[in-house]
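Just work_7.json here, JSON, C-alpha atoms:
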```json
[["chain", "number", "residue", "atom", "x", "y", "z"],
["A", 1, "MET", "CA", -12.14, -12.50, -20.13],
["A", 2, "SER", "CA", -15.63, -11.41, -21.18],
["A", 3, "LYS", "CA", -18.00, -14.10, -22.37],
["A", 4, "ASN", "CA", -19.15, -14.19, -26.01],
["A", 5, "LEU", "CA", -22.73, -13.16, -26.65],
["A", 6, "PHE", "CA", -24.19, -13.84, -30.11],
["A", 7, "ILE", "CA", -27.29, -11.96, -31.25],
["A", 8, "ARG", "CA", -29.16, -13.64, -34.10],
["A", 9, "ALA", "CA", -31.64, -11.21, -35.68],
["A", 10, "ASP", "CA", -32.65, -9.95, -39.11],
["A", 11, "GLY", "CA", -34.25, -6.81, -40.52],
["A", 12, "SER", "CA", -35.58, -5.78, -43.92],
["A", 13, "SER", "CA", -38.41, -3.91, -45.66],
["A", 14, "LYS", "CA", -40.48, -7.10, -45.54],
["A", 15, "ILE", "CA", -40.03, -8.14, -41.91],
["A", 16, "GLY", "CA", -39.37, -4.68, -40.49],
["A", 17, "LEU", "CA", -36.44, -3.32, -38.52],
["A", 18, "GLY", "CA", -37.75, -3.57, -34.97],
["A", 19, "HIS", "CA", -35.82, -6.75, -34.16],
["A", 20, "ILE", "CA", -32.51, -5.10, -35.05],
["A", 21, "VAL", "CA", -33.31, -1.88, -33.17],
["A", 22, "ARG", "CA", -34.25, -3.61, -29.93],
["A", 23, "CYS", "CA", -31.27, -5.97, -30.15],
["A", 24, "ILE", "CA", -28.92, -2.99, -30.51],
["A", 25, "ALA", "CA", -30.61, -1.56, -27.41],
["A", 26, "LEU", "CA", -29.94, -4.79, -25.50],
["A", 27, "ALA", "CA", -26.34, -4.91, -26.77],
["A", 28, "ASN", "CA", -25.74, -1.40, -25.46],
["A", 29, "MET", "CA", -26.97, -2.45, -22.03],
["A", 30, "LEU", "CA", -24.71, -5.51, -21.95],
["A", 31, "LYS", "CA", -21.58, -4.25, -23.73],
["A", 32, "ASP", "CA", -19.53, -3.79, -20.54],
["A", 33, "GLU", "CA", -20.12, -7.41, -19.53],
["A", 34, "TYR", "CA", -19.94, -9.37, -22.82],
["A", 35, "LEU", "CA", -18.27, -9.49, -26.21],
["A", 36, "ILE", "CA", -21.18, -8.69, -28.51],
["A", 37, "ASN", "CA", -21.41, -10.44, -31.90],
["A", 38, "PHE", "CA", -24.35, -9.79, -34.25],
["A", 39, "VAL", "CA", -25.19, -12.51, -36.76],
["A", 40, "CYS", "CA", -27.55, -11.50, -39.58],
["A", 41, "LYS", "CA", -28.81, -12.92, -42.84],
["A", 42, "GLU", "CA", -30.73, -9.76, -43.80],
["A", 43, "ILE", "CA", -29.77, -6.31, -42.54],
["A", 44, "PRO", "CA", -29.70, -2.82, -44.14],
["A", 45, "GLN", "CA", -26.27, -1.25, -44.52],
["A", 46, "LYS", "CA", -27.23, 1.59, -42.15],
["A", 47, "PHE", "CA", -27.46, -0.88, -39.29],
["A", 48, "VAL", "CA", -24.27, -2.65, -40.28],
["A", 49, "ASN", "CA", -22.51, 0.71, -40.01],
["A", 50, "GLU", "CA", -24.17, 1.45, -36.67],
["A", 51, "ILE", "CA", -23.21, -1.92, -35.20],
["A", 52, "ILE", "CA", -19.59, -1.44, -36.27],
["A", 53, "SER", "CA", -19.53, 2.14, -34.93],
["A", 54, "LEU", "CA", -20.60, 0.81, -31.53],
["A", 55, "ASN", "CA", -17.60, -1.57, -31.56],
["A", 56, "PHE", "CA", -19.72, -4.68, -31.86],
["A", 57, "SER", "CA", -18.78, -7.34, -34.38],
["A", 58, "ILE", "CA", -21.14, -8.48, -37.14],
["A", 59, "THR", "CA", -21.15, -11.62, -39.25],
["A", 60, "GLN", "CA", -23.43, -11.81, -42.27],
["A", 61, "ILE", "CA", -24.46, -15.37, -43.12],
["A", 62, "GLU", "CA", -26.00, -17.13, -46.12],
["A", 63, "ASP", "CA", -27.78, -19.87, -44.18],
["A", 64, "GLU", "CA", -28.31, -20.99, -40.59],
["A", 65, "ASN", "CA", -25.55, -23.60, -40.75],
["A", 66, "ASN", "CA", -23.11, -20.69, -41.01],
["A", 67, "PHE", "CA", -24.41, -19.51, -37.65],
["A", 68, "PHE", "CA", -24.37, -22.91, -35.99],
["A", 69, "GLU", "CA", -20.72, -23.32, -37.01],
["A", 70, "LEU", "CA", -19.85, -20.28, -34.88],
["A", 71, "LEU", "CA", -21.13, -21.88, -31.68],
["A", 72, "THR", "CA", -18.87, -23.75, -29.28],
["A", 73, "GLY", "CA", -21.28, -24.19, -26.38],
["A", 74, "ASP", "CA", -19.45, -21.65, -24.23],
["A", 75, "GLU", "CA", -21.52, -18.59, -25.16],
["A", 76, "ILE", "CA", -24.89, -16.94, -24.72],
["A", 77, "VAL", "CA", -27.15, -16.76, -27.77],
["A", 78, "VAL", "CA", -29.86, -14.09, -28.00],
["A", 79, "LEU", "CA", -32.46, -15.08, -30.59],
["A", 80, "ASP", "CA", -34.90, -12.43, -31.83],
["A", 81, "HIS", "CA", -36.56, -13.92, -34.89],
["A", 82, "TYR", "CA", -40.14, -15.03, -35.56],
["A", 83, "GLY", "CA", -38.95, -17.36, -38.34],
["A", 84, "MET", "CA", -37.01, -19.73, -36.08],
["A", 85, "ASP", "CA", -38.99, -22.66, -34.66],
["A", 86, "SER", "CA", -38.61, -24.82, -31.56],
["A", 87, "ASN", "CA", -36.18, -27.18, -33.31],
["A", 88, "TYR", "CA", -33.91, -24.21, -33.99],
["A", 89, "GLN", "CA", -33.86, -23.46, -30.26],
["A", 90, "LYS", "CA", -33.19, -27.13, -29.46],
["A", 91, "HIS", "CA", -30.21, -27.11, -31.82],
["A", 92, "ILE", "CA", -28.66, -24.16, -29.99],
["A", 93, "LYS", "CA", -29.28, -25.78, -26.62],
["A", 94, "GLY", "CA", -27.89, -29.06, -27.92],
["A", 95, "VAL", "CA", -24.54, -27.38, -28.58],
["A", 96, "GLY", "CA", -24.47, -26.32, -24.93],
["A", 97, "SER", "CA", -25.06, -22.59, -25.41],
["A", 98, "LYS", "CA", -27.23, -20.60, -23.04],
["A", 99, "LEU", "CA", -30.27, -19.32, -24.94],
["A", 100, "VAL", "CA", -32.20, -16.06, -24.53],
["A", 101, "CYS", "CA", -35.33, -15.59, -26.68],
["A", 102, "ILE", "CA", -36.85, -12.17, -27.28],
["A", 103, "ASP", "CA", -40.46, -12.94, -28.13],
["A", 104, "ASP", "CA", -43.86, -11.27, -28.02],
["A", 105, "LEU", "CA", -45.94, -13.86, -29.88],
["A", 106, "HIS", "CA", -45.63, -16.90, -27.53],
["A", 107, "ASN", "CA", -46.85, -19.14, -30.38],
["A", 108, "LYS", "CA", -44.44, -22.06, -30.05],
["A", 109, "GLU", "CA", -42.75, -24.28, -27.49],
["A", 110, "PHE", "CA", -39.69, -22.63, -25.96],
["A", 111, "PHE", "CA", -36.43, -24.22, -24.82],
["A", 112, "ALA", "CA", -34.80, -20.94, -23.78],
["A", 113, "ASP", "CA", -33.04, -20.31, -20.48],
["A", 114, "LEU", "CA", -34.52, -16.80, -20.47],
["A", 115, "ILE", "CA", -37.49, -15.30, -22.32],
["A", 116, "VAL", "CA", -37.65, -11.52, -22.74],
["A", 117, "ASN", "CA", -40.94, -9.80, -23.59],
["A", 118, "HIS", "CA", -41.15, -6.11, -22.78],
["A", 119, "SER", "CA", -44.83, -5.93, -23.67],
["A", 120, "PRO", "CA", -46.71, -4.83, -20.54],
["A", 121, "GLY", "CA", -49.16, -7.42, -19.38],
["A", 122, "ALA", "CA", -47.05, -10.37, -20.62],
["A", 123, "LYS", "CA", -47.26, -13.35, -18.25],
["A", 124, "GLN", "CA", -45.29, -16.56, -17.76],
["A", 125, "GLU", "CA", -48.52, -18.48, -18.30],
["A", 126, "ASP", "CA", -48.62, -17.19, -21.88],
["A", 127, "TYR", "CA", -45.65, -19.42, -22.74],
["A", 128, "LYS", "CA", -45.17, -23.13, -23.18],
["A", 129, "ALA", "CA", -41.66, -23.25, -21.73],
["A", 130, "LYS", "CA", -39.40, -25.58, -19.77],
["A", 131, "PRO", "CA", -39.25, -25.73, -15.94],
["A", 132, "TYR", "CA", -35.78, -24.17, -16.05],
["A", 133, "THR", "CA", -36.89, -21.18, -18.14],
["A", 134, "LYS", "CA", -36.71, -17.75, -16.45],
["A", 135, "PHE", "CA", -38.57, -14.63, -17.60],
["A", 136, "ALA", "CA", -37.92, -10.91, -18.01],
["A", 137, "LEU", "CA", -41.31, -9.37, -18.69],
["A", 138, "GLY", "CA", -42.99, -5.99, -18.92],
["A", 139, "PHE", "CA", -41.92, -2.36, -18.59],
["A", 140, "ASP", "CA", -39.11, -3.26, -16.17],
["A", 141, "TYR", "CA", -37.32, -4.93, -19.10],
["A", 142, "ALA", "CA", -38.08, -2.39, -21.82],
["A", 143, "LEU", "CA", -35.50, -2.71, -24.61],
["A", 144, "LEU", "CA", -34.56, 0.95, -24.88],
["A", 145, "ARG", "CA", -31.43, 2.64, -26.15],
["A", 146, "PRO", "CA", -29.07, 4.50, -23.76],
["A", 147, "LEU", "CA", -30.26, 8.06, -24.36],
["A", 148, "PHE", "CA", -33.88, 7.12, -23.74],
["A", 149, "LEU", "CA", -32.97, 5.32, -20.53],
["A", 150, "LYS", "CA", -31.02, 8.39, -19.43],
["A", 151, "VAL", "CA", -33.97, 10.71, -20.04],
["A", 152, "ALA", "CA", -36.32, 8.27, -18.29],
["A", 153, "LYS", "CA", -34.19, 8.49, -15.13],
["A", 154, "GLN", "CA", -34.43, 12.26, -15.06],
["A", 155, "GLN", "CA", -37.30, 14.37, -13.85],
["A", 156, "GLN", "CA", -40.44, 14.17, -15.95],
["A", 157, "GLN", "CA", -40.21, 16.25, -19.11],
["A", 158, "GLN", "CA", -42.43, 19.31, -19.25],
["A", 159, "GLN", "CA", -45.37, 19.06, -21.60],
["A", 160, "SER", "CA", -46.27, 21.84, -23.98],
["A", 161, "VAL", "CA", -49.44, 23.76, -23.16],
["A", 162, "LYS", "CA", -50.39, 24.25, -26.80],
["A", 163, "MET", "CA", -50.12, 20.63, -28.03],
["A", 164, "ASP", "CA", -49.91, 21.50, -31.74],
["A", 165, "THR", "CA", -46.84, 19.55, -32.91],
["A", 166, "ALA", "CA", -47.35, 15.88, -33.84],
["A", 167, "PHE", "CA", -44.72, 13.13, -34.06],
["A", 168, "VAL", "CA", -45.54, 10.29, -36.51],
["A", 169, "CYS", "CA", -43.45, 7.13, -36.85],
["A", 170, "PHE", "CA", -44.41, 3.66, -38.11],
["A", 171, "GLY", "CA", -41.07, 1.91, -38.17],
["A", 172, "GLY", "CA", -38.33, 1.66, -40.72],
["A", 173, "SER", "CA", -40.38, 0.27, -43.60],
["A", 174, "ASP", "CA", -44.11, 1.02, -43.04],
["A", 175, "ILE", "CA", -45.07, -1.08, -46.06],
["A", 176, "ASN", "CA", -48.78, -0.28, -45.49],
["A", 177, "ASP", "CA", -48.03, 3.47, -45.45],
["A", 178, "PHE", "CA", -49.95, 4.31, -42.29],
["A", 179, "THR", "CA", -47.70, 7.37, -42.20],
["A", 180, "LEU", "CA", -49.51, 8.81, -45.20],
["A", 181, "LYS", "CA", -52.97, 7.93, -43.88],
["A", 182, "ILE", "CA", -52.35, 9.65, -40.55],
["A", 183, "THR", "CA", -50.67, 12.67, -42.11],
["A", 184, "LYS", "CA", -53.73, 13.30, -44.28],
["A", 185, "VAL", "CA", -55.90, 13.29, -41.15],
["A", 186, "LEU", "CA", -53.54, 15.67, -39.34],
["A", 187, "LEU", "CA", -53.57, 18.07, -42.29],
["A", 188, "GLN", "CA", -57.34, 18.48, -41.83],
["A", 189, "LEU", "CA", -56.97, 19.71, -38.26],
["A", 190, "GLU", "CA", -56.52, 23.45, -37.79],
["A", 191, "ASP", "CA", -55.06, 22.88, -34.31],
["A", 192, "ILE", "CA", -51.99, 21.18, -35.79],
["A", 193, "SER", "CA", -49.19, 23.55, -36.82],
["A", 194, "CYS", "CA", -46.35, 21.05, -37.35],
["A", 195, "ILE", "CA", -46.11, 17.36, -38.31],
["A", 196, "ASN", "CA", -42.75, 15.70, -37.68],
["A", 197, "ILE", "CA", -42.64, 12.49, -39.73],
["A", 198, "ILE", "CA", -39.94, 9.87, -39.19],
["A", 199, "VAL", "CA", -39.25, 7.21, -41.83],
["A", 200, "GLY", "CA", -36.51, 4.63, -42.14],
["A", 201, "GLU", "CA", -33.96, 3.61, -44.72],
["A", 202, "VAL", "CA", -36.23, 1.00, -46.31],
["A", 203, "TYR", "CA", -39.35, 3.19, -46.54],
["A", 204, "GLN", "CA", -40.18, 3.10, -50.26],
["A", 205, "LYS", "CA", -43.39, 5.13, -50.65],
["A", 206, "THR", "CA", -43.28, 8.48, -52.47],
["A", 207, "GLU", "CA", -46.61, 10.29, -51.96],
["A", 208, "ILE", "CA", -45.67, 11.63, -48.54],
["A", 209, "PHE", "CA", -42.69, 13.45, -50.04],
["A", 210, "GLU", "CA", -44.97, 15.07, -52.60],
["A", 211, "LEU", "CA", -47.21, 16.28, -49.78],
["A", 212, "GLU", "CA", -44.21, 17.77, -48.01],
["A", 213, "LYS", "CA", -43.56, 20.00, -51.04],
["A", 214, "ILE", "CA", -46.98, 21.66, -50.80],
["A", 215, "HIS", "CA", -47.64, 21.68, -47.05],
["A", 216, "LEU", "CA", -45.36, 23.75, -44.84],
["A", 217, "LYS", "CA", -46.64, 21.88, -41.78],
["A", 218, "ILE", "CA", -44.87, 18.68, -42.85],
["A", 219, "ASN", "CA", -41.25, 17.92, -41.95],
["A", 220, "ILE", "CA", -39.93, 14.50, -43.02],
["A", 221, "TYR", "CA", -36.81, 13.02, -41.43],
["A", 222, "LYS", "CA", -35.14, 9.86, -42.69],
["A", 223, "ASN", "CA", -32.59, 7.51, -41.12],
["A", 224, "LEU", "CA", -32.35, 9.40, -37.83],
["A", 225, "SER", "CA", -29.72, 8.48, -35.27],
["A", 226, "GLU", "CA", -30.73, 7.74, -31.69],
["A", 227, "LYS", "CA", -29.77, 11.29, -30.69],
["A", 228, "GLU", "CA", -31.71, 12.86, -33.56],
["A", 229, "LEU", "CA", -34.79, 10.74, -32.87],
["A", 230, "LEU", "CA", -34.76, 11.73, -29.22],
["A", 231, "ARG", "CA", -34.49, 15.40, -30.19],
["A", 232, "MET", "CA", -37.50, 15.13, -32.51],
["A", 233, "MET", "CA", -39.57, 13.52, -29.76],
["A", 234, "LEU", "CA", -38.66, 16.26, -27.32],
["A", 235, "GLU", "CA", -39.53, 18.92, -29.90],
["A", 236, "SER", "CA", -42.95, 17.30, -30.48],
["A", 237, "ASP", "CA", -45.94, 17.59, -28.16],
["A", 238, "PHE", "CA", -47.47, 14.14, -28.70],
["A", 239, "GLY", "CA", -46.93, 11.04, -30.81],
["A", 240, "ILE", "CA", -49.01, 8.86, -33.14],
["A", 241, "VAL", "CA", -47.29, 5.47, -33.21],
["A", 242, "PRO", "CA", -48.05, 1.72, -33.08],
["A", 243, "ALA", "CA", -47.85, -0.28, -29.86],
["A", 244, "SER", "CA", -44.20, -1.24, -30.28],
["A", 245, "SER", "CA", -40.75, -0.11, -29.15],
["A", 246, "ILE", "CA", -41.35, 3.40, -30.49],
["A", 247, "SER", "CA", -44.24, 3.82, -28.03],
["A", 248, "LEU", "CA", -41.92, 2.82, -25.16],
["A", 249, "GLU", "CA", -39.45, 5.48, -26.30],
["A", 250, "LEU", "CA", -42.21, 8.11, -26.24],
["A", 251, "MET", "CA", -43.18, 6.97, -22.76],
["A", 252, "ALA", "CA", -39.57, 7.31, -21.66],
["A", 253, "VAL", "CA", -39.62, 10.99, -22.69],
["A", 254, "ASN", "CA", -43.08, 11.49, -21.17],
["A", 255, "ARG", "CA", -45.07, 12.31, -24.30],
["A", 256, "PRO", "CA", -48.81, 11.61, -24.72],
["A", 257, "ILE", "CA", -49.56, 8.92, -27.30],
["A", 258, "VAL", "CA", -52.27, 8.05, -29.81],
["A", 259, "SER", "CA", -51.75, 4.38, -30.55],
["A", 260, "GLY", "CA", -53.11, 1.19, -32.08],
["A", 261, "TYR", "CA", -51.81, -1.99, -33.69],
["A", 262, "TYR", "CA", -51.47, -3.35, -37.22],
["A", 263, "VAL", "CA", -49.81, -6.77, -36.75],
["A", 264, "GLU", "CA", -50.60, -9.57, -34.32],
["A", 265, "ASN", "CA", -47.54, -9.17, -32.08],
["A", 266, "GLN", "CA", -48.61, -5.58, -31.30],
["A", 267, "ARG", "CA", -52.19, -6.45, -30.36],
["A", 268, "PHE", "CA", -51.51, -7.76, -26.83],
["A", 269, "PHE", "CA", -49.21, -4.80, -26.13],
["A", 270, "TYR", "CA", -51.83, -2.36, -27.35],
["A", 271, "GLN", "CA", -54.67, -3.95, -25.41],
["A", 272, "TYR", "CA", -52.76, -3.53, -22.16],
["A", 273, "LEU", "CA", -51.97, 0.12, -22.93],
["A", 274, "LYS", "CA", -55.61, 0.80, -23.77],
["A", 275, "ASP", "CA", -57.07, -1.12, -20.81],
["A", 276, "ASN", "CA", -54.76, 0.69, -18.39],
["A", 277, "ASP", "CA", -55.52, 4.12, -19.83],
["A", 278, "LEU", "CA", -51.94, 4.70, -20.98],
["A", 279, "VAL", "CA", -52.74, 5.80, -24.54],
["A", 280, "TYR", "CA", -55.50, 7.30, -26.64],
["A", 281, "GLY", "CA", -56.51, 4.14, -28.49],
["A", 282, "VAL", "CA", -57.64, 3.76, -32.10],
["A", 283, "ASP", "CA", -57.51, -0.07, -32.21],
["A", 284, "ASP", "CA", -56.53, -1.58, -35.59],
["A", 285, "PHE", "CA", -54.69, 0.85, -37.88],
["A", 286, "ASN", "CA", -55.64, -1.35, -40.84],
["A", 287, "THR", "CA", -59.34, -0.60, -40.44],
["A", 288, "VAL", "CA", -59.62, 2.57, -38.34],
["A", 289, "LYS", "CA", -61.70, 5.32, -39.90],
["A", 290, "ALA", "CA", -60.41, 8.86, -40.35],
["A", 291, "VAL", "CA", -63.10, 10.22, -38.02],
["A", 292, "LYS", "CA", -61.93, 8.05, -35.11],
["A", 293, "LEU", "CA", -58.30, 9.02, -35.71],
["A", 294, "SER", "CA", -59.31, 12.66, -35.82],
["A", 295, "ASN", "CA", -61.36, 12.40, -32.60],
["A", 296, "GLN", "CA", -58.53, 10.78, -30.64],
["A", 297, "ILE", "CA", -56.01, 13.31, -31.93],
["A", 298, "MET", "CA", -58.32, 16.09, -30.79],
["A", 299, "ASN", "CA", -58.65, 14.38, -27.39],
["A", 300, "VAL", "CA", -54.90, 14.39, -26.89],
["A", 301, "ILE", "CA", -54.74, 18.04, -28.01],
["A", 302, "LYS", "CA", -57.45, 19.03, -25.50],
["A", 303, "HIS", "CA", -56.48, 16.83, -22.56],
["A", 304, "GLY", "CA", -52.77, 16.05, -22.95],
["A", 305, "LYS", "CA", -51.07, 13.30, -21.03],
["A", 306, "LYS", "CA", -53.23, 10.57, -19.52],
["A", 307, "ASN", "CA", -50.54, 8.03, -18.55],
["A", 308, "SER", "CA", -48.25, 7.98, -15.52],
["A", 309, "LYS", "CA", -44.50, 7.58, -15.94],
["A", 310, "VAL", "CA", -43.92, 3.84, -16.41],
["A", 311, "ILE", "CA", -40.30, 3.67, -17.64],
["A", 312, "ASP", "CA", -37.87, 4.24, -14.76],
["A", 313, "GLY", "CA", -34.57, 4.03, -16.70],
["A", 314, "ASN", "CA", -33.13, 1.18, -14.59],
["A", 315, "GLN", "CA", -33.59, -1.49, -17.25],
["A", 316, "LYS", "CA", -29.83, -1.89, -17.85],
["A", 317, "ASN", "CA", -29.10, -3.08, -14.31],
["A", 318, "ARG", "CA", -32.02, -5.49, -14.39],
["A", 319, "PHE", "CA", -30.81, -7.06, -17.66],
["A", 320, "ILE", "CA", -27.24, -7.40, -16.42],
["A", 321, "ASN", "CA", -28.45, -9.16, -13.26],
["A", 322, "ARG", "CA", -30.68, -11.50, -15.26],
["A", 323, "MET", "CA", -27.93, -12.37, -17.73],
["A", 324, "LYS", "CA", -25.36, -13.05, -14.99],
["A", 325, "LYS", "CA", -27.72, -15.57, -13.44],
["A", 326, "LEU", "CA", -27.49, -17.66, -16.63]]
```

Can the structure in the file be given as structure tokens, please?
Amino acid sequence: MSKNLFIRADGSSKIGLGHIVRCIALANMLKDEYLINFVCKEIPQKFVNEIISLNFSITQIEDENNFFELLTGDEIVVLDHYGMDSNYQKHIKGVGSKLVCIDDLHNKEFFADLIVNHSPGAKQEDYKAKPYTKFALGFDYALLRPLFLKVAKQQQQQQSVKMDTAFVCFGGSDINDFTLKITKVLLQLEDISCINIIVGEVYQKTEIFELEKIHLKINIYKNLSEKELLRMMLESDFGIVPASSISLELMAVNRPIVSGYYVENQRFFYQYLKDNDLVYGVDDFNTVKAVKLSNQIMNVIKHGKKNSKVIDGNQKNRFINRMKKL
């Protein structure tokens, strides 16, 4: 009988949807080996439907005691949540469960059996962890969905010669509306003929939709499936995205990237990408000036890809091997 695996993660307009997306990616990699159970306090209905359609179970809780009551000690718990402290981890371990923490902040003491951080450049020394703790770090453990892993295994995708179609995506909520800021810069560039903008279910801004009505260059897509998102990336020549999971997906399909960061957990990821010449960097999206954005966009248009292929598509096998060792 397959072993139970509980995934405790939340997503909303306030905290973003990245935790849910990358946990669904992990669940897809492990579904043949474990019975997958999502446990969420906050989650948009779109993701509830997706989890159910993938034949995973989902339990929506009112407080953390509801979650603890589900544990028997004979399961693996995957915790992907910045709001849960060291005592929360100790409680799970105290029950007897094996604990996997997905974390890219390393800002607390960890009691996990396995720590996952797919940010390139992440090191064991970054973490205050126990002697028994194992690690799954860097590109080799990128939390990517099945279609992106499949494309990554194939031959490198051909790049367009013209480089005039931009892909813009800042997560499911984008509460700071970087999407609008970047779109306004792109509209000023004569070299750009098409702007493919991806927003999520909890994106609540309106100005970008008004721009779409008057600019034929703009195409806005909302609530895309994995297949639809992949198609939009392949139909675009380069991407403008933060240093997060979306940048890994663009790397998997071999697209040049203009990138930066806007929250602390992206900064280390971004710095590695910039230092290793994997992206055209703009640093902090909160403060970057339009002229710098414009210059880097023009650089990617003129010079194209500057990064080597770093996602090999074999992440699933690596995760299965790591999990079995628990």

Arg322 (chain A): which residues within 9 Å, counting only C-alpha atoms, same-chain residues fewer than 3 positions away excluded, as a list in words?
Leu114, Lys134, Phe135, Ala136, Asn317, Arg318, Phe319, Lys325 and Leu326 of chain A

So which one's closest to Val253 (chain A), A:Lys153, A:Lys213, A:Lys289, A:Lys222? Using all atoms listed in the file, please.
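With all atoms listed in the file as the atom set, the closest residue is A:Lys153.
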
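Nearest to Leu30 (chain A) of all the residues A:Gly260, A:Gly172, A:Pro146, A:Pro242 is A:Pro146, counting all atoms listed in the file.
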
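Comparing A:Glu235, A:Glu226, A:Asp164, A:Asp85 by their smallest distance to Leu186 (chain A), the closest is A:Asp164 (using all atoms listed in the file).
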
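Minimum distance to Phe67 (chain A) across A:Arg22, A:Lys41, A:Lys150, A:Lys305 (counting only C-alpha atoms) occurs at A:Lys41.
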
What is the CA of Gln45 (chain A)-CA of Val199 (chain A) distance in Å, reported with one decimal?
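Atom-to-atom, CA of Gln45 (chain A) to CA of Val199 (chain A), that is 15.7 Å.
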
When you draw a straight line from CA of Gly239 (chain A) to CA of Leu144 (chain A), how long is it in Å?
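Atom-to-atom, CA of Gly239 (chain A) and CA of Leu144 (chain A) are spaced 17.0 Å apart.
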
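By only C-alpha atoms, and with residues fewer than 3 positions from region 77-81 of chain A along its chain excluded, the set lying at most 9 Å from it is Asn4, Leu5, Phe6, Ile7, Arg8, Ala9, Asp10, His19, Ile20, Cys23, Leu71, Met84, Gln89, Ile92, Ser97, Lys98, Leu99, Val100, Cys101, Ile102 and Asp103 of chain A.
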
Nearest to Tyr127 (chain A) by atom-to-atom distance, counting only C-alpha atoms, from A:Phe111, A:Tyr203, A:Phe269, A:Phe68
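Ranking A:Phe111, A:Tyr203, A:Phe269, A:Phe68 by distance to Tyr127 (chain A), first place goes to A:Phe111.
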
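Nearest-residue note for Leu273 (chain A): choosing from A:Phe178, A:Phe47, A:Phe139, A:Tyr221, the minimum distance belongs to A:Phe139, counting only C-alpha atoms.
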
Contacts of Ala122 (chain A) at 12 Å or less, counting all atoms listed in the file, minus same-chain residues fewer than 3 places along, as a tab-separated table (two decimals) with C-alpha atoms, in the frame of the given file?
```
chain	number	residue	atom	x	y	z
A	103	ASP	CA	-40.46	-12.94	-28.13
A	104	ASP	CA	-43.86	-11.27	-28.02
A	105	LEU	CA	-45.94	-13.86	-29.88
A	106	HIS	CA	-45.63	-16.90	-27.53
A	115	ILE	CA	-37.49	-15.30	-22.32
A	116	VAL	CA	-37.65	-11.52	-22.74
A	117	ASN	CA	-40.94	-9.80	-23.59
A	118	HIS	CA	-41.15	-6.11	-22.78
A	119	SER	CA	-44.83	-5.93	-23.67
A	125	GLU	CA	-48.52	-18.48	-18.30
A	126	ASP	CA	-48.62	-17.19	-21.88
A	127	TYR	CA	-45.65	-19.42	-22.74
A	135	PHE	CA	-38.57	-14.63	-17.60
A	136	ALA	CA	-37.92	-10.91	-18.01
A	137	LEU	CA	-41.31	-9.37	-18.69
A	138	GLY	CA	-42.99	-5.99	-18.92
A	139	PHE	CA	-41.92	-2.36	-18.59
A	140	ASP	CA	-39.11	-3.26	-16.17
A	141	TYR	CA	-37.32	-4.93	-19.10
A	265	ASN	CA	-47.54	-9.17	-32.08
A	266	GLN	CA	-48.61	-5.58	-31.30
A	267	ARG	CA	-52.19	-6.45	-30.36
A	268	PHE	CA	-51.51	-7.76	-26.83
A	269	PHE	CA	-49.21	-4.80	-26.13
A	270	TYR	CA	-51.83	-2.36	-27.35
A	271	GLN	CA	-54.67	-3.95	-25.41
A	272	TYR	CA	-52.76	-3.53	-22.16
A	273	LEU	CA	-51.97	0.12	-22.93
```

Can you tell me, as an NGL selection string, what residues are no more than 9 Å from Ala290 (chain A) when counting all atoms listed in the file, ignoring any on the same chain fewer than 5 positions away?
:A and (181-182 or 184-185 or 295)

Near Val300 (chain A), within 8 Å and counting only C-alpha atoms, which residues show up once chain neighbours fewer than 2 positions away are dropped, as a list in words?
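Residues meeting the cut-off are Met163, Phe238, Pro256, Ile257, Val258, Tyr280, Gln296, Ile297, Met298, Lys302, His303, Gly304 and Lys305 of chain A.
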
What is the CA of Lys3 (chain A) to CA of Gly83 (chain A) distance in Å?
26.5 Å
